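Note: the block below is run11.txt and it holds compact mmCIF, C-alpha atoms.
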```
# COMPACT_ATOMS: atom_id res chain seq x y z
CA MET A 135 -14.76 -2.93 -30.20
CA ASN A 136 -18.13 -2.36 -28.65
CA THR A 137 -17.87 0.15 -25.80
CA PHE A 138 -19.93 -1.99 -23.46
CA LEU A 139 -17.72 -5.01 -24.14
CA GLN A 140 -14.66 -2.85 -23.46
CA LEU A 141 -16.13 -1.73 -20.16
CA LEU A 142 -16.92 -5.31 -19.20
CA GLN A 143 -13.40 -6.40 -20.08
CA ASP A 144 -11.99 -3.53 -18.03
CA PHE A 145 -14.17 -4.56 -15.09
CA GLY A 146 -12.96 -8.16 -15.22
CA LEU A 147 -9.29 -7.38 -15.79
CA ALA A 148 -9.07 -4.85 -12.96
CA ALA A 149 -10.26 -7.40 -10.39
CA VAL A 150 -7.13 -9.54 -10.91
CA PRO A 151 -4.49 -7.00 -9.80
CA ALA A 152 -6.70 -5.94 -6.91
CA VAL A 153 -6.63 -9.51 -5.55
CA GLY A 154 -2.97 -10.09 -6.45
CA PHE A 155 -1.81 -7.00 -4.59
CA ALA A 156 -4.22 -7.62 -1.71
CA MET A 157 -2.28 -10.86 -1.24
CA ILE A 158 1.02 -8.93 -1.14
CA PHE A 159 -0.56 -6.73 1.55
CA ASN A 160 -1.70 -9.87 3.42
CA VAL A 161 -5.36 -8.86 3.49
CA PRO A 162 -7.30 -11.54 5.44
CA LYS A 163 -8.81 -14.20 3.21
CA PRO A 164 -12.52 -13.33 3.71
CA ALA A 165 -11.81 -9.72 2.66
CA LEU A 166 -10.17 -10.66 -0.67
CA LYS A 167 -13.48 -10.80 -2.54
CA TYR A 168 -14.36 -7.29 -1.39
CA CYS A 169 -10.99 -6.08 -2.71
CA ALA A 170 -11.75 -7.70 -6.08
CA ILE A 171 -15.22 -6.15 -6.35
CA ALA A 172 -14.04 -2.71 -5.24
CA GLY A 173 -11.04 -2.81 -7.59
CA ALA A 174 -13.24 -3.76 -10.54
CA ILE A 175 -15.89 -1.12 -9.79
CA GLY A 176 -13.28 1.59 -9.26
CA HIS A 177 -11.32 0.96 -12.43
CA ALA A 178 -14.42 0.49 -14.59
CA LEU A 179 -15.93 3.69 -13.17
CA ARG A 180 -12.77 5.62 -13.96
CA PHE A 181 -12.66 4.05 -17.43
CA SER A 182 -16.21 5.12 -18.17
CA LEU A 183 -15.66 8.63 -16.78
CA TYR A 184 -12.53 9.49 -18.77
CA LYS A 185 -12.60 7.20 -21.81
CA ILE A 186 -16.33 7.35 -22.52
CA GLY A 187 -17.17 10.45 -20.52
CA PRO A 188 -15.57 13.88 -20.86
CA LEU A 189 -13.53 14.12 -17.63
CA PRO A 190 -9.72 14.38 -17.43
CA ILE A 191 -8.07 11.33 -15.86
CA GLU A 192 -7.25 13.04 -12.53
CA TRP A 193 -10.84 14.04 -11.85
CA ALA A 194 -12.12 10.65 -12.94
CA THR A 195 -9.65 9.08 -10.51
CA LEU A 196 -10.78 11.35 -7.68
CA ILE A 197 -14.44 10.46 -8.20
CA ALA A 198 -13.75 6.73 -8.55
CA ALA A 199 -11.60 6.73 -5.40
CA SER A 200 -14.21 8.51 -3.31
CA VAL A 201 -16.97 6.16 -4.49
CA ILE A 202 -14.79 3.18 -3.51
CA SER A 203 -14.05 4.83 -0.18
CA LEU A 204 -17.79 5.16 0.55
CA ILE A 205 -18.33 1.49 -0.28
CA GLY A 206 -15.29 0.68 1.87
CA ILE A 207 -16.75 2.53 4.86
CA TYR A 208 -19.97 0.53 4.56
CA TRP A 209 -18.03 -2.77 4.50
CA ALA A 210 -15.72 -1.60 7.27
CA GLN A 211 -18.60 -1.02 9.66
CA LYS A 212 -20.11 -4.39 8.81
CA TRP A 213 -16.78 -6.18 9.08
CA ARG A 214 -15.18 -4.27 11.97
CA ALA A 215 -11.95 -3.38 10.20
CA HIS A 216 -10.44 -0.16 8.92
CA PRO A 217 -11.70 0.74 5.41
CA LYS A 218 -8.11 0.91 4.10
CA VAL A 219 -7.94 -2.88 4.45
CA PHE A 220 -10.29 -3.10 1.46
CA THR A 221 -9.77 0.15 -0.38
CA VAL A 222 -6.01 0.43 -0.88
CA ALA A 223 -5.81 -2.88 -2.73
CA ALA A 224 -8.75 -1.68 -4.82
CA MET A 225 -6.79 1.45 -5.75
CA ILE A 226 -3.84 -0.55 -7.10
CA PRO A 227 -5.19 -0.97 -10.67
CA MET A 228 -5.49 2.83 -10.83
CA ILE A 229 -1.94 3.56 -9.56
CA PRO A 230 -0.01 5.38 -12.30
CA GLY A 231 2.91 2.94 -12.35
CA VAL A 232 3.82 3.35 -16.01
CA TYR A 233 3.81 7.16 -15.71
CA ALA A 234 6.04 7.05 -12.62
CA PHE A 235 8.55 4.65 -14.19
CA THR A 236 8.64 6.56 -17.48
CA ALA A 237 9.37 9.83 -15.66
CA LEU A 238 12.17 8.33 -13.60
CA LEU A 239 13.65 6.46 -16.57
CA ALA A 240 13.73 9.73 -18.52
CA LEU A 241 15.74 11.25 -15.67
CA VAL A 242 18.18 8.32 -15.64
CA GLU A 243 18.44 8.55 -19.43
CA MET A 244 19.29 12.25 -19.16
CA GLU A 245 22.05 11.35 -16.74
CA ARG A 246 23.43 8.73 -19.15
CA ASN A 247 23.25 10.52 -22.49
CA GLY A 248 23.00 14.18 -21.58
CA PHE A 249 20.16 16.66 -21.44
CA THR A 250 17.64 16.99 -24.26
CA PRO A 251 14.41 19.03 -24.17
CA GLU A 252 12.42 15.97 -25.30
CA LEU A 253 13.61 13.89 -22.35
CA LEU A 254 12.84 16.74 -19.95
CA LYS A 255 9.36 17.00 -21.46
CA THR A 256 8.83 13.25 -21.03
CA ALA A 257 10.03 13.42 -17.43
CA PHE A 258 7.81 16.37 -16.54
CA ASP A 259 4.68 15.23 -18.39
CA ASN A 260 4.75 11.74 -16.91
CA GLY A 261 5.98 12.77 -13.48
CA LEU A 262 3.26 15.39 -13.03
CA LYS A 263 0.59 12.94 -14.20
CA ALA A 264 1.85 10.37 -11.68
CA VAL A 265 1.93 12.85 -8.78
CA PHE A 266 -1.53 14.22 -9.55
CA ILE A 267 -3.13 10.80 -9.95
CA VAL A 268 -1.62 9.48 -6.70
CA THR A 269 -2.79 12.61 -4.90
CA ALA A 270 -6.27 12.20 -6.39
CA LEU A 271 -6.35 8.58 -5.19
CA ALA A 272 -5.29 9.44 -1.63
CA ILE A 273 -7.58 12.46 -1.33
CA GLY A 274 -10.47 10.53 -2.87
CA LEU A 275 -9.97 7.81 -0.25
CA ALA A 276 -9.87 10.37 2.56
CA LEU A 277 -12.76 12.48 1.26
CA PRO A 278 -15.80 10.67 2.78
CA GLY A 279 -14.03 10.60 6.13
CA MET A 280 -13.27 14.32 5.92
CA LEU A 281 -16.84 15.16 4.86
CA PHE A 282 -19.00 12.86 6.99
CA TYR A 283 -16.79 11.59 9.86
CA ARG A 284 -15.12 14.80 10.89
CA ARG A 285 -14.63 14.28 14.61
CA ARG A 286 -15.49 10.64 15.08
CA PRO A 287 -13.84 7.42 13.94
CA VAL A 288 -15.26 5.39 11.04
CA VAL A 289 -15.09 2.13 13.00
CA MET B 245 9.29 18.35 50.88
CA SER B 246 8.33 14.85 51.89
CA THR B 247 11.02 12.24 51.54
CA ASP B 248 8.56 9.35 51.76
CA TYR B 249 8.62 6.84 48.93
CA GLN B 250 5.92 7.76 46.46
CA PRO B 251 5.39 5.68 43.33
CA TRP B 252 5.05 8.08 40.40
CA VAL B 253 2.53 5.86 38.70
CA LYS B 254 -0.31 3.97 40.33
CA ASP B 255 -0.59 0.16 40.10
CA ASP B 256 -1.42 -0.89 36.56
CA GLN B 257 -0.70 2.34 34.67
CA ARG B 258 2.73 1.10 33.63
CA GLU B 259 1.23 -2.06 32.10
CA ILE B 260 -1.44 -0.08 30.25
CA THR B 261 1.19 2.28 28.82
CA ARG B 262 3.11 -0.73 27.60
CA LEU B 263 0.00 -2.16 25.95
CA CYS B 264 -0.71 1.17 24.22
CA VAL B 265 2.82 1.42 22.87
CA GLN B 266 2.79 -2.23 21.82
CA VAL B 267 -0.40 -1.65 19.84
CA GLY B 268 1.05 1.47 18.25
CA VAL B 269 4.30 -0.22 17.25
CA MET B 270 2.51 -3.26 15.84
CA MET B 271 0.33 -1.08 13.60
CA LEU B 272 3.24 1.17 12.56
CA GLN B 273 5.44 -1.82 11.74
CA HIS B 274 2.80 -3.28 9.47
CA SER B 275 2.19 -0.04 7.56
CA ALA B 276 -1.04 1.33 9.00
CA GLU B 277 -1.55 5.02 8.32
CA SER B 278 -0.55 7.42 11.10
CA ALA B 279 -4.07 8.61 11.90
CA LEU B 280 -5.16 5.01 12.50
CA VAL B 281 -2.11 4.19 14.65
CA GLU B 282 -2.75 7.17 16.85
CA SER B 283 -6.50 6.62 17.22
CA VAL B 284 -6.24 2.91 18.01
CA ALA B 285 -3.51 3.38 20.64
CA ARG B 286 -5.38 6.27 22.24
CA ARG B 287 -8.74 4.51 22.30
CA LEU B 288 -7.20 1.40 23.86
CA GLY B 289 -5.66 3.47 26.65
CA LEU B 290 -8.87 5.35 27.31
CA ALA B 291 -10.88 2.09 27.31
CA LEU B 292 -8.51 0.68 29.94
CA GLY B 293 -9.19 3.64 32.22
CA MET B 294 -6.62 6.32 31.46
CA ASP B 295 -7.64 9.98 31.62
CA SER B 296 -5.71 10.79 28.47
CA VAL B 297 -3.23 9.16 26.13
CA GLU B 298 -0.82 11.28 24.09
CA ILE B 299 1.07 9.84 21.15
CA ALA B 300 3.88 11.31 19.10
CA LEU B 301 4.79 9.47 15.91
CA MET B 302 8.18 9.75 14.29
CA ALA B 303 9.53 8.20 11.12
CA ASN B 304 11.04 5.27 13.00
CA GLY B 305 9.77 5.51 16.53
CA ILE B 306 6.75 6.10 18.71
CA THR B 307 6.32 7.88 22.05
CA VAL B 308 3.31 7.25 24.29
CA THR B 309 2.39 9.10 27.47
CA THR B 310 -0.57 8.05 29.60
CA ILE B 311 -2.02 10.32 32.25
CA ARG B 312 -4.22 9.24 35.17
CA ASP B 313 -5.01 11.34 38.24
CA GLY B 314 -2.37 13.82 37.11
CA ARG B 315 0.39 11.21 37.00
CA CYS B 316 2.21 10.65 33.74
CA HIS B 317 4.01 7.64 32.41
CA THR B 318 5.98 7.90 29.16
CA THR B 319 7.66 5.29 27.05
CA VAL B 320 9.40 5.21 23.66
CA ARG B 321 9.75 2.33 21.23
CA ARG B 322 11.75 1.99 18.08
CA ASN B 323 9.85 1.01 14.94
CA ILE B 324 11.37 -1.55 12.58
CA ASP B 325 9.48 -1.99 9.33
CA ARG B 326 8.02 -5.49 9.02
CA GLY B 327 6.30 -5.03 5.66
CA ILE B 328 2.65 -4.43 4.87
CA ASN B 329 0.30 -6.75 6.73
CA MET B 330 -3.38 -5.84 6.85
CA HIS B 331 -4.20 -8.98 8.82
CA VAL B 332 -2.26 -7.74 11.86
CA VAL B 333 -3.82 -4.28 11.53
CA THR B 334 -7.32 -5.80 11.48
CA GLU B 335 -6.68 -8.08 14.45
CA VAL B 336 -5.20 -5.28 16.58
CA GLN B 337 -8.11 -3.02 15.76
CA ARG B 338 -10.63 -5.71 16.71
CA ILE B 339 -8.93 -6.20 20.08
CA MET B 340 -9.21 -2.45 20.66
CA LEU B 341 -12.92 -2.50 19.70
CA LEU B 342 -13.63 -5.41 22.06
CA THR B 343 -11.84 -3.57 24.88
CA GLU B 344 -13.93 -0.49 24.20
CA GLU B 345 -17.07 -2.62 24.54
CA LYS B 346 -15.76 -3.78 27.95
CA LYS B 347 -15.51 -7.38 26.71
CA LEU B 348 -11.76 -7.67 27.36
CA GLU B 349 -9.68 -7.05 30.49
CA MET B 350 -6.10 -5.84 30.54
CA ALA B 351 -4.55 -9.30 30.96
CA GLU B 352 -6.70 -10.68 28.17
CA VAL B 353 -5.68 -7.82 25.84
CA ALA B 354 -2.00 -8.55 26.52
CA ARG B 355 -2.50 -12.26 25.88
CA ARG B 356 -4.39 -11.73 22.63
CA LEU B 357 -1.83 -9.22 21.34
CA ASP B 358 0.98 -11.68 21.92
CA GLU B 359 -1.01 -14.41 20.18
CA ILE B 360 -1.36 -12.54 16.86
CA LYS B 361 0.59 -14.40 14.22
CA PRO B 362 1.02 -12.36 11.03
CA LEU B 363 -0.79 -14.03 8.14
CA ARG B 364 1.42 -14.89 5.17
CA TYR B 365 0.06 -16.31 1.95
CA PRO B 366 2.11 -19.15 0.40
CA ARG B 367 4.91 -17.64 -1.67
CA TRP B 368 4.18 -19.58 -4.86
CA LEU B 369 0.53 -18.52 -4.74
CA VAL B 370 1.45 -14.85 -4.35
CA SER B 371 3.89 -15.15 -7.27
CA VAL B 372 1.28 -16.71 -9.53
CA MET B 373 -1.35 -14.13 -8.61
CA VAL B 374 1.09 -11.25 -9.10
CA GLY B 375 2.11 -12.71 -12.46
CA LEU B 376 -1.55 -12.80 -13.47
CA SER B 377 -1.97 -9.25 -12.16
CA CYS B 378 0.83 -7.90 -14.30
CA ALA B 379 -0.49 -9.82 -17.31
CA ALA B 380 -3.87 -8.17 -16.66
CA PHE B 381 -2.08 -4.81 -16.52
CA ALA B 382 -0.52 -5.60 -19.91
CA ARG B 383 -3.95 -6.39 -21.31
CA LEU B 384 -5.36 -3.18 -19.83
CA GLY B 385 -2.47 -1.25 -21.40
CA LEU B 386 -3.23 -2.79 -24.80
CA LEU B 387 -6.90 -2.01 -24.31
CA ALA B 388 -6.07 1.63 -23.57
CA HIS B 389 -4.05 1.87 -26.80
CA GLY B 390 -6.81 0.14 -28.73
CA ALA B 391 -4.47 -2.70 -29.73
CA GLN B 392 -5.50 -6.31 -30.26
CA ALA B 393 -5.08 -9.03 -27.66
CA ASP B 394 -1.65 -10.58 -27.98
CA LEU B 395 -0.87 -13.93 -26.39
CA GLY B 396 2.93 -13.49 -26.53
CA THR B 397 2.81 -10.27 -24.50
CA PHE B 398 0.48 -11.89 -21.98
CA VAL B 399 2.65 -14.98 -21.46
CA ILE B 400 5.99 -13.12 -21.32
CA THR B 401 4.60 -10.59 -18.84
CA PHE B 402 3.19 -13.37 -16.68
CA VAL B 403 6.47 -15.32 -16.59
CA ALA B 404 8.66 -12.25 -16.05
CA SER B 405 6.62 -10.85 -13.18
CA ALA B 406 5.93 -14.19 -11.50
CA VAL B 407 9.65 -15.04 -11.47
CA ALA B 408 10.51 -11.52 -10.30
CA MET B 409 7.98 -11.77 -7.48
CA GLN B 410 9.48 -15.08 -6.41
CA VAL B 411 12.95 -13.47 -6.37
CA ARG B 412 11.60 -10.49 -4.44
CA GLN B 413 10.01 -12.70 -1.76
CA TRP B 414 13.10 -14.86 -1.52
CA LEU B 415 15.41 -11.86 -1.07
CA ALA B 416 13.01 -10.32 1.47
CA HIS B 417 13.02 -13.62 3.35
CA LEU B 418 16.83 -13.44 3.51
CA HIS B 419 16.52 -9.91 4.99
CA PHE B 420 18.26 -8.05 2.19
CA ASN B 421 17.89 -4.29 2.09
CA PRO B 422 14.59 -3.49 0.27
CA LEU B 423 16.31 -1.13 -2.17
CA LEU B 424 18.83 -3.80 -3.18
CA ASN B 425 16.01 -6.33 -3.35
CA PHE B 426 13.86 -4.19 -5.66
CA ALA B 427 16.78 -3.34 -7.96
CA THR B 428 17.74 -7.01 -8.33
CA ALA B 429 14.19 -8.21 -8.90
CA ALA B 430 13.52 -5.44 -11.44
CA PHE B 431 16.67 -6.53 -13.26
CA VAL B 432 15.33 -10.11 -13.38
CA ALA B 433 11.89 -9.02 -14.62
CA THR B 434 13.26 -6.77 -17.36
CA SER B 435 15.81 -9.40 -18.43
CA ILE B 436 13.07 -12.00 -18.96
CA ALA B 437 10.84 -9.55 -20.81
CA ALA B 438 13.84 -8.47 -22.92
CA GLN B 439 14.23 -12.08 -24.16
CA GLY B 440 10.72 -11.83 -25.56
CA VAL B 441 11.65 -8.61 -27.32
CA ILE B 442 14.96 -9.94 -28.69
CA HIS B 443 13.43 -13.14 -30.06
CA HIS B 444 10.29 -11.31 -31.31
CA TRP B 445 7.87 -13.35 -29.23
CA VAL B 446 5.84 -10.25 -28.41
CA ASP B 447 4.02 -7.89 -30.75
CA ASN B 448 4.00 -5.03 -28.26
CA PRO B 449 7.47 -4.86 -26.68
CA ARG B 450 6.84 -1.58 -24.89
CA VAL B 451 3.73 -2.89 -23.13
CA ALA B 452 5.44 -6.12 -22.08
CA MET B 453 8.52 -4.34 -20.76
CA SER B 454 6.51 -1.80 -18.79
CA ALA B 455 3.83 -4.15 -17.42
CA CYS B 456 6.26 -6.71 -16.00
CA VAL B 457 7.80 -4.19 -13.56
CA LEU B 458 4.47 -2.84 -12.28
CA LEU B 459 4.65 -5.22 -9.33
CA PHE B 460 7.39 -2.97 -7.92
CA VAL B 461 5.28 0.18 -7.74
CA PRO B 462 5.00 0.90 -4.00
CA GLY B 463 1.30 1.74 -4.13
CA PHE B 464 0.57 1.35 -0.43
CA PRO B 465 3.42 3.60 0.79
CA LEU B 466 2.54 6.20 -1.86
CA ILE B 467 -1.14 6.37 -0.84
CA ASN B 468 -0.23 6.28 2.86
CA ALA B 469 2.29 9.09 2.35
CA VAL B 470 -0.26 11.39 0.76
CA SER B 471 -3.07 10.55 3.18
CA ASP B 472 -0.73 11.03 6.18
CA MET B 473 0.17 14.46 4.91
CA VAL B 474 -3.47 15.34 4.16
CA LYS B 475 -4.38 14.40 7.74
CA GLY B 476 -1.61 16.51 9.25
CA TYR B 477 1.14 13.94 9.84
CA ILE B 478 3.62 15.70 7.56
CA ASN B 479 6.58 14.07 9.27
CA THR B 480 5.68 10.42 8.70
CA GLY B 481 4.14 11.30 5.34
CA ILE B 482 7.39 12.72 4.01
CA SER B 483 9.45 9.79 5.22
CA ARG B 484 7.05 7.30 3.64
CA GLY B 485 6.94 9.25 0.39
CA VAL B 486 10.72 9.47 0.18
CA MET B 487 11.04 5.74 0.83
CA ALA B 488 8.53 5.01 -1.95
CA LEU B 489 10.44 7.28 -4.34
CA LEU B 490 13.73 5.58 -3.46
CA LEU B 491 12.19 2.16 -4.12
CA LEU B 492 11.00 3.38 -7.54
CA LEU B 493 14.47 4.76 -8.29
CA ALA B 494 16.09 1.49 -7.25
CA CYS B 495 13.80 -0.31 -9.71
CA CYS B 496 14.77 2.14 -12.44
CA CYS B 497 18.42 1.32 -11.85
CA GLY B 498 17.61 -2.38 -12.22
CA ILE B 499 15.60 -1.75 -15.40
CA VAL B 500 18.29 0.43 -17.01
CA PHE B 501 21.00 -2.07 -16.11
CA ALA B 502 19.00 -4.91 -17.69
CA MET B 503 18.27 -2.86 -20.83
CA THR B 504 21.99 -2.08 -21.14
CA VAL B 505 22.98 -5.72 -20.74
CA TRP B 506 20.47 -7.01 -23.33
CA ASN B 507 20.60 -3.86 -25.46
CA ALA B 508 16.80 -3.72 -25.64
CA TRP B 509 15.74 -0.08 -25.34
CA THR B 510 12.00 -0.20 -25.64
CA TRP B 511 10.99 2.23 -22.89
CA LEU B 512 10.88 5.91 -23.91
```

When written as structure tokens, how does the structure in this file appear?
Amino acid sequence: MNTFLQLLQDFGLAAVPAVGFAMIFNVPKPALKYCAIAGAIGHALRFSLYKIGPLPIEWATLIAASVISLIGIYWAQKWRAHPKVFTVAAMIPMIPGVYAFTALLALVEMERNGFTPELLKTAFDNGLKAVFIVTALAIGLALPGMLFYRRRPVV
Amino acid sequence: MSTDYQPWVKDDQREITRLCVQVGVMMLQHSAESALVESVARRLGLALGMDSVEIALMANGITVTTIRDGRCHTTVRRNIDRGINMHVVTEVQRIMLLTEEKKLEMAEVARRLDEIKPLRYPRWLVSVMVGLSCAAFARLGLLAHGAQADLGTFVITFVASAVAMQVRQWLAHLHFNPLLNFATAAFVATSIAAQGVIHHWVDNPRVAMSACVLLFVPGFPLINAVSDMVKGYINTGISRGVMALLLLLACCCGIVFAMTVWNAWTWL
């Protein structure tokens, strides 16, 4: 498939989970559209950085999360709410859910059927990926605050 | 030493301390990150005329001390988790901002805080949206593997996750333990997706089985845990992280149980 079409599809698909999970988090209704836009931009940016571009997924995640955080700070000041109201829901499409579940299922499987090096490899590979991506997301979100708002509040 | 009666706090300090702790507990209960809880409670106290406000956060409690003219008043509240609610967090923060701008008095702050009613979206709507979300995750997963669009996977994932979300909300409404709730709902989701695998309705069984349980990934607690720890609140960060991990493990138990019952081992 055409790379641009793929990117566009990624952009559109990522907006859906951002809104769906924003509703689980009970984000106020007027803020839902910001969650959708931020979620789509973040996921498409990460997609272009690590699928099309040369970066590993963790670094792509870090950059995407900090870009979203900057946008979130701008909206937060306009809207008088904490940036996390918009940005955490936007991070949801990038959360490494499949990695986390695969790692834990490999552990449970080892408990059921005994230890094998392959299962341990699966558990470690996926678990480390999950931990590093979540850390990249959280640090990316905190980064603009730590760089530009060191001793004063964002809102 | 004088034996005269001396009040240890002056006039309205007690009320202001109570307002600060109420604000802190409300934000903590609805899953605001620790740095935000502390800054909002402190700024409210300072805006209402305290010299300083000190806050200590624990995993399931909060301590607030206000100081004015060298007199301290301390109070502790227990924190009971009420689930993530960004609406409450936003409203509380706006009240604090208005107080800082001198637009609200103490009595008005108390009244407005009591008036906040947590926003809840209709349950069916949340279920439908979450079903669509997981279906979008399935599509994204297929896209990442370079596979073709597959209607069966999309529909099965949508049904499985929407039903599971409905079960999850229903069990939460009945005040079941979250771990029990997640395990049960993950069992339901995997069981429905397993039907699609058994009857060959889906071309990509692994994607369908993995996407339909993505609604159980505790993304908010995970991000909050890391950002708490980055900002120096190791204590609350660890407790949130451990809770998120336990929720994930509970889901795994549900998934494994369902795969054993239906004998559909498509993960791994």

Write out as an MDAnalysis selection string every residue belonging to chain B that has an atom at most 8 Å from any atom of chain A, counting only C-alpha atoms. chainID B and resid 328:331 334 337:338 363:365 370 373:374 376:378 380:381 383:384 387 454:455 458 461 463:464 466:468 470:471 474 492:493 496:497 500 511:512

Can you pull out the residues contacting A:Ile175? Cut-off 9 Å, using all atoms listed in the file, and skip same-chain residues under 2 positions away; I want them as a compact mmCIF listing (two decimals) with C-alpha atoms, in the coordinates of the input.
```txt
# COMPACT_ATOMS: atom_id res chain seq x y z
CA PHE A 145 -14.17 -4.56 -15.09
CA ALA A 148 -9.07 -4.85 -12.96
CA ALA A 149 -10.26 -7.40 -10.39
CA ALA A 170 -11.75 -7.70 -6.08
CA ILE A 171 -15.22 -6.15 -6.35
CA ALA A 172 -14.04 -2.71 -5.24
CA GLY A 173 -11.04 -2.81 -7.59
CA HIS A 177 -11.32 0.96 -12.43
CA ALA A 178 -14.42 0.49 -14.59
CA LEU A 179 -15.93 3.69 -13.17
CA ARG A 180 -12.77 5.62 -13.96
CA ALA A 198 -13.75 6.73 -8.55
CA ILE A 202 -14.79 3.18 -3.51
CA ALA A 224 -8.75 -1.68 -4.82
```

B:Val486 environment, 9 Å, all atoms listed in the file, sequence neighbours closer than 5 positions dropped, as a PyMOL selection string: chain B and resi 469+481+491

Just to confirm, what's the straight-line distance from atom CA of B:Val353 to atom CA of B:Gly305 in Å (one decimal)? 22.4 Å

A:Leu277: which residues within 9 Å, counting all atoms listed in the file, same-chain residues fewer than 6 positions away excluded, as an NGL selection string? :A and (199-200 or 203-204)

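Distance-wise, atom CA of B:Ser405 and atom CA of A:Pro164 end up 25.6 Å apart.
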
Nearest to B:Glu359 by atom-to-atom distance, counting only C-alpha atoms, from B:Val336, B:Val403, B:Leu341, B:Val269: B:Val336

Quick one: residues within 8 Å of stretch 344-351 of chain B, only C-alpha atoms counted, chain neighbours fewer than 5 positions away excluded, as a ChimeraX atom specification? /B:260,287-288,291-292,339

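For the pair atom CA of B:Asn425 and atom CA of B:Val333, the separation is 24.9 Å.
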
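By chain and then residue number, the residues within 10 Å of B:Ala285 are B:Thr261, B:Leu263, B:Cys264, B:Val265, B:Gln266, B:Val267, B:Gly268, B:Val269, B:Met271, B:Val297, B:Glu298, B:Ile299, B:Val308, B:Val336, B:Gln337, B:Met340, counting all atoms listed in the file and disregarding those fewer than 6 positions away in sequence.
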
Would you save the residues from that selection as a PDB file, in the coordinates of the input, using C-alpha atoms?
```
ATOM      1  CA  THR B 261       1.190   2.280  28.820  1.00  0.00           C
ATOM      2  CA  LEU B 263       0.000  -2.160  25.950  1.00  0.00           C
ATOM      3  CA  CYS B 264      -0.710   1.170  24.220  1.00  0.00           C
ATOM      4  CA  VAL B 265       2.820   1.420  22.870  1.00  0.00           C
ATOM      5  CA  GLN B 266       2.790  -2.230  21.820  1.00  0.00           C
ATOM      6  CA  VAL B 267      -0.400  -1.650  19.840  1.00  0.00           C
ATOM      7  CA  GLY B 268       1.050   1.470  18.250  1.00  0.00           C
ATOM      8  CA  VAL B 269       4.300  -0.220  17.250  1.00  0.00           C
ATOM      9  CA  MET B 271       0.330  -1.080  13.600  1.00  0.00           C
ATOM     10  CA  VAL B 297      -3.230   9.160  26.130  1.00  0.00           C
ATOM     11  CA  GLU B 298      -0.820  11.280  24.090  1.00  0.00           C
ATOM     12  CA  ILE B 299       1.070   9.840  21.150  1.00  0.00           C
ATOM     13  CA  VAL B 308       3.310   7.250  24.290  1.00  0.00           C
ATOM     14  CA  VAL B 336      -5.200  -5.280  16.580  1.00  0.00           C
ATOM     15  CA  GLN B 337      -8.110  -3.020  15.760  1.00  0.00           C
ATOM     16  CA  MET B 340      -9.210  -2.450  20.660  1.00  0.00           C
TER      17      MET B 340
END
```

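Closest approach to A:Ile186 from the set B:Val284, B:Arg315, B:Gln439, B:Ala388 is made by B:Ala388, with distances taken over all atoms listed in the file.
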
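Nearest residue to B:Gly385, choosing from B:Leu415, B:Ala406, B:Cys456, B:Ala430 and counting all atoms listed in the file: B:Cys456.
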